[in-house]
Amino acid sequence: MSEHVVDLCAAFALGALEPDEAAAVIEHCGRCGPCAAELAQMRGVTNVLPLSCAPESPSWALKRRIVEAARDEIAAREIVRRGPREAGDDRRRLRAGVGRVVWLSAASAIAAAIVVGAFARIDHDRMAQQLAVANSVAASQRDRLAEMGGKAAHLGAVVADITGGRIWDKSGGTGAHWWHCTVVQPPKARRAMLLADMPAAPKGMTFQAWVIRGGTAHDAGVVPAGTSSMMAMPMPLRAGDVVAFTVEPLGGSASPTMPYVMTQTLTD
Amino acid sequence: MPRTPTDDDALIESVANADLSALERLYDSYGRIAFSLAYRIVGDRGAAEDVVQDAFLSVWRQAKSYRRERGSARTWLMSIVHHRSIDRLRASAALTPTLPIDDVPDDVGEAPGVWQQVWAARQGETVRKALDALPAEQKKSIELAYFSGYTQSEIAALMGVPLGTVKGRMRIGLQKLRALLGGPELEVTGA
């Protein structure tokens, strides 16, 4: 867009532009000082609009849920770090195989239990190591539960239910473009988890995951490029859903603006 | 003008280092305003809590990418909450410009004053008064866009006015707000 976009800056700051219009504003303001200044002024105003909302208090449990979810992600990262990464060159073979990672999200309580499961081409020692780490995580969670009021029985029930989860595993690409995606649907309709290994993204861009159901793409969040990550999906997943990835501007988009570069159909 | 580091910047840095206590302090500081914004947009407490949880976990995962020169930590967090809320709103109900204008909620009125800090309550009151001081159509255009997730084209159809009129109302409205809120304590800057 070569024309100035001053008349679009307010709508941009308010989030009232279509994605293509917003992209054009960003592109233009990157090389036009006056329009960039106008945009900055407008955004400075919209930044304070949240203050106008009537104060509302979330439930007391929300803070705990957030912290527990973050704690679970730390545990999951540790599993990722200690597990397949130590396999060196075997890592991709491991991930591309029938590798299984079961993540139990802790929607109702606190537990996160992870099982790294059977894989035909992995030796027993490595599997034992992964299971030991998973057991360690589960044990620490169990201890914490006990401290918080004797909820260990609940965790035990959750762990016992771990085999009820569904796992979909897929990888693709070659060389620097290799990617891997494991989707785990814990039992009892908790939100699914995504474990993804993503290649590098173009400068200024990132990957964004989507759940496609009934022809509608639901935002599943930004997925860091060039690294392994784990994230909760926006909903419980089921067979027939498609987990797809697009390349989007940093921060993500409200809806896909680019073609899907990776897709995984969840089959029965 | 470059921003100087704040306590929040240090907090985000600790979050980037996987410091759970820093995440808790961040929530203590901004959890309520984040929830207030999400609830105002999605209109459902459960959905608003999901949005806030997703937003804080996004910060948790992406704290290393935070750049203070691009805005304050609060602005960053609120931006995530806003986008997630609008996404949620649009996903839950395909937005079509069929809502009668009289059914669009008006401003929320007086705040109950339960903010964590007195100055925060003052800020909220000041912003609300500034919004109320705008001509009705400018205020409505801004609120339909920011809190209800309508595009400018949808607002034009909704209000039965040309697109250019909506653009003008938004721009002039925000300019007036900027003038009304120009006090330093409200952080209305060009950054």
# chains A, B, ... in the order shown; residues from 1 in each chain; ligands from 1
$ residues_around --residues "Arg191 in chain A" --least-positions-apart "6" --cutoff "6 Å" --atoms "only C-alpha atoms" --output "ChimeraX atom specification"
/A:233,235-236
$ closest_atom_pairs --of "chain A" --to "chain B" --cutoff "8 Å" --atoms "only C-alpha atoms" --output "tab-separated table"
residue	atom	partner	partner_atom	distance
A:Asp7	CA	B:Lys167	CA	6.4
A:Leu8	CA	B:Lys167	CA	7.0
A:Cys9	CA	B:Arg171	CA	7.7
A:Ala10	CA	B:Arg171	CA	5.0
A:Ala11	CA	B:Met170	CA	6.7
A:Leu14	CA	B:Tyr146	CA	5.0
A:Gly15	CA	B:Tyr146	CA	6.3
A:Ala16	CA	B:Thr151	CA	3.9
A:Leu17	CA	B:Thr151	CA	5.5
A:Glu18	CA	B:Thr151	CA	6.8
A:Ala37	CA	B:Gly190	CA	7.1
A:Ala40	CA	B:Gly190	CA	4.7
A:Gln41	CA	B:Gly190	CA	4.3
A:Met42	CA	B:Leu174	CA	6.5
A:Arg43	CA	B:Gly190	CA	7.2
A:Gly44	CA	B:Thr189	CA	5.0
A:Val45	CA	B:Val188	CA	5.7
A:Thr46	CA	B:Leu174	CA	7.7
A:Asn47	CA	B:Thr75	CA	6.0
A:Val48	CA	B:Val188	CA	7.1
A:Leu49	CA	B:Val127	CA	7.0
A:Pro50	CA	B:Leu37	CA	5.5
A:Leu51	CA	B:Gly124	CA	4.6
A:Ser52	CA	B:Gly124	CA	4.9
A:Cys53	CA	B:Leu37	CA	6.0
A:Ala54	CA	B:Ala111	CA	5.3
A:Pro55	CA	B:Ser36	CA	5.4
A:Glu56	CA	B:Ser36	CA	4.9
A:Ser57	CA	B:Arg32	CA	5.7
A:Pro58	CA	B:Phe35	CA	6.2
A:Leu62	CA	B:Glu49	CA	6.8
A:Lys63	CA	B:Tyr27	CA	7.0
A:Arg65	CA	B:Gln53	CA	7.7
A:Ile66	CA	B:Gln53	CA	5.7
A:Val67	CA	B:Leu20	CA	6.8
A:Ala69	CA	B:Leu57	CA	7.8
A:Ala70	CA	B:Leu57	CA	6.7
A:Arg71	CA	B:Leu20	CA	7.3
A:Ile74	CA	B:Ala18	CA	7.6
A:His218	CA	B:Ala91	CA	7.0
A:Asp219	CA	B:Asp87	CA	7.6
A:Ala254	CA	B:Asp87	CA	5.8
$ residues_around --residues "His28 in chain A" --least-positions-apart "4" --cutoff "9 Å" --atoms "only C-alpha atoms" --output "list in words"
Met1, Ser2, Glu3, His4, Val5, Ala23, Ala24, Cys32, Cys35 and Ala36 of chain A
$ atom_distance --atom1 "CA of Cys29 in chain A" --atom2 "CA of Val6 in chain A"
9.5 Å
$ select_by_dssp --residues "range 8-187 of chain B" --states "helix (DSSP H, G or I)" --output "PyMOL selection string"
chain B and resi 8-16+20-42+45-65+68-70+73-92+101-103+118-132+136-146+152-159+163-180+184-186
$ write_last_selection --atoms "C-alpha atoms" --output "CSV table (one decimal), in the first residue's frame"
chain,number,residue,atom,x,y,z
B,8,ASP,CA,7.0,-5.0,35.7
B,9,ASP,CA,9.8,-5.3,33.2
B,10,ALA,CA,11.8,-7.1,35.9
B,11,LEU,CA,8.8,-9.3,36.6
B,12,ILE,CA,8.5,-10.3,33.0
B,13,GLU,CA,12.2,-11.0,32.9
B,14,SER,CA,11.7,-13.4,35.9
B,15,VAL,CA,8.8,-15.0,34.2
B,16,ALA,CA,11.0,-15.6,31.2
B,20,LEU,CA,6.5,-19.2,39.1
B,21,SER,CA,6.5,-16.7,41.9
B,22,ALA,CA,6.9,-13.9,39.4
B,23,LEU,CA,4.0,-15.3,37.4
B,24,GLU,CA,2.0,-15.2,40.6
B,25,ARG,CA,3.0,-11.6,41.3
B,26,LEU,CA,2.1,-10.7,37.7
B,27,TYR,CA,-1.3,-12.2,38.2
B,28,ASP,CA,-1.8,-10.4,41.5
B,29,SER,CA,-1.1,-7.1,39.8
B,30,TYR,CA,-3.1,-7.6,36.6
B,31,GLY,CA,-5.3,-10.6,37.0
B,32,ARG,CA,-8.4,-8.6,38.0
B,33,ILE,CA,-8.2,-6.0,35.3
B,34,ALA,CA,-7.5,-8.8,32.8
B,35,PHE,CA,-10.6,-10.6,33.9
B,36,SER,CA,-12.6,-7.4,33.9
B,37,LEU,CA,-11.6,-6.8,30.3
B,38,ALA,CA,-12.3,-10.3,29.2
B,39,TYR,CA,-15.6,-10.4,31.0
B,40,ARG,CA,-16.7,-7.2,29.5
B,41,ILE,CA,-16.0,-8.6,26.0
B,42,VAL,CA,-17.1,-12.2,26.2
B,45,ARG,CA,-17.4,-15.6,33.6
B,46,GLY,CA,-16.2,-19.1,32.6
B,47,ALA,CA,-15.2,-18.0,29.2
B,48,ALA,CA,-13.5,-14.9,30.6
B,49,GLU,CA,-11.5,-17.1,33.0
B,50,ASP,CA,-10.4,-19.3,30.1
B,51,VAL,CA,-9.3,-16.2,28.2
B,52,VAL,CA,-7.3,-14.9,31.2
B,53,GLN,CA,-5.7,-18.3,31.8
B,54,ASP,CA,-4.7,-18.5,28.1
B,55,ALA,CA,-3.3,-15.0,28.2
B,56,PHE,CA,-1.2,-15.5,31.3
B,57,LEU,CA,0.1,-18.8,29.9
B,58,SER,CA,1.0,-17.0,26.6
B,59,VAL,CA,3.0,-14.5,28.6
B,60,TRP,CA,4.6,-17.4,30.5
B,61,ARG,CA,5.6,-19.1,27.2
B,62,GLN,CA,6.6,-16.0,25.3
B,63,ALA,CA,8.1,-13.8,28.0
B,64,LYS,CA,11.5,-14.1,26.4
B,65,SER,CA,10.1,-12.3,23.4
B,68,ARG,CA,9.9,-3.2,26.7
B,69,GLU,CA,10.6,-0.6,24.1
B,70,ARG,CA,7.4,-1.7,22.3
B,73,ALA,CA,4.1,-5.2,30.3
B,74,ARG,CA,0.6,-4.2,31.3
B,75,THR,CA,-0.1,-3.1,27.7
B,76,TRP,CA,1.3,-6.3,26.3
B,77,LEU,CA,-0.8,-8.5,28.6
B,78,MET,CA,-3.9,-6.5,28.0
B,79,SER,CA,-3.3,-6.7,24.3
B,80,ILE,CA,-3.2,-10.4,24.5
B,81,VAL,CA,-6.3,-10.5,26.7
B,82,HIS,CA,-8.1,-8.3,24.2
B,83,HIS,CA,-7.2,-10.3,21.2
B,84,ARG,CA,-8.0,-13.6,22.8
B,85,SER,CA,-11.4,-12.2,24.0
B,86,ILE,CA,-12.4,-10.9,20.6
B,87,ASP,CA,-11.3,-14.2,19.0
B,88,ARG,CA,-13.4,-16.0,21.6
B,89,LEU,CA,-16.4,-13.7,20.9
B,90,ARG,CA,-16.1,-14.2,17.2
B,91,ALA,CA,-15.7,-17.9,17.4
B,92,SER,CA,-18.7,-18.3,19.7
B,101,ILE,CA,-28.2,-0.4,17.9
B,102,ASP,CA,-30.4,0.1,20.9
B,103,ASP,CA,-29.4,-3.3,22.2
B,118,VAL,CA,-6.8,3.4,44.9
B,119,TRP,CA,-5.0,4.9,42.0
B,120,ALA,CA,-6.2,2.2,39.7
B,121,ALA,CA,-9.7,3.0,40.7
B,122,ARG,CA,-9.1,6.6,39.9
B,123,GLN,CA,-7.8,5.6,36.5
B,124,GLY,CA,-10.8,3.6,35.7
B,125,GLU,CA,-13.1,6.4,36.8
B,126,THR,CA,-11.2,8.9,34.7
B,127,VAL,CA,-11.3,6.8,31.6
B,128,ARG,CA,-15.0,6.1,32.0
B,129,LYS,CA,-15.7,9.8,32.4
B,130,ALA,CA,-13.6,10.6,29.3
B,131,LEU,CA,-15.6,8.0,27.3
B,132,ASP,CA,-18.8,9.5,28.6
B,136,ALA,CA,-22.6,9.3,21.6
B,137,GLU,CA,-21.9,8.2,18.1
B,138,GLN,CA,-18.1,8.4,18.6
B,139,LYS,CA,-18.3,6.5,21.9
B,140,LYS,CA,-20.6,3.9,20.3
B,141,SER,CA,-18.2,3.4,17.4
B,142,ILE,CA,-15.2,2.9,19.7
B,143,GLU,CA,-17.1,0.5,22.0
B,144,LEU,CA,-18.5,-1.6,19.2
B,145,ALA,CA,-15.0,-2.0,17.8
B,146,TYR,CA,-13.0,-2.5,20.9
B,152,GLN,CA,-15.4,-0.8,10.8
B,153,SER,CA,-17.4,-2.1,7.8
B,154,GLU,CA,-19.8,-4.0,10.1
B,155,ILE,CA,-20.2,-0.9,12.3
B,156,ALA,CA,-21.0,1.2,9.3
B,157,ALA,CA,-23.7,-1.3,8.3
B,158,LEU,CA,-24.9,-1.6,11.9
B,159,MET,CA,-25.2,2.1,12.3
B,163,LEU,CA,-17.7,3.7,6.1
B,164,GLY,CA,-15.9,7.0,6.0
B,165,THR,CA,-18.2,8.3,8.7
B,166,VAL,CA,-17.2,5.5,11.0
B,167,LYS,CA,-13.5,6.0,10.3
B,168,GLY,CA,-13.9,9.6,11.2
B,169,ARG,CA,-15.8,8.9,14.4
B,170,MET,CA,-13.2,6.5,15.5
B,171,ARG,CA,-10.3,8.7,14.8
B,172,ILE,CA,-11.8,11.9,16.2
B,173,GLY,CA,-13.1,10.0,19.2
B,174,LEU,CA,-9.7,8.6,20.0
B,175,GLN,CA,-8.1,12.0,19.5
B,176,LYS,CA,-10.5,13.5,22.0
B,177,LEU,CA,-9.8,10.7,24.4
B,178,ARG,CA,-6.1,11.3,24.1
B,179,ALA,CA,-6.6,15.0,24.9
B,180,LEU,CA,-8.9,14.2,27.8
B,184,PRO,CA,1.0,11.3,32.9
B,185,GLU,CA,-0.5,8.8,35.4
B,186,LEU,CA,-2.6,7.3,32.7
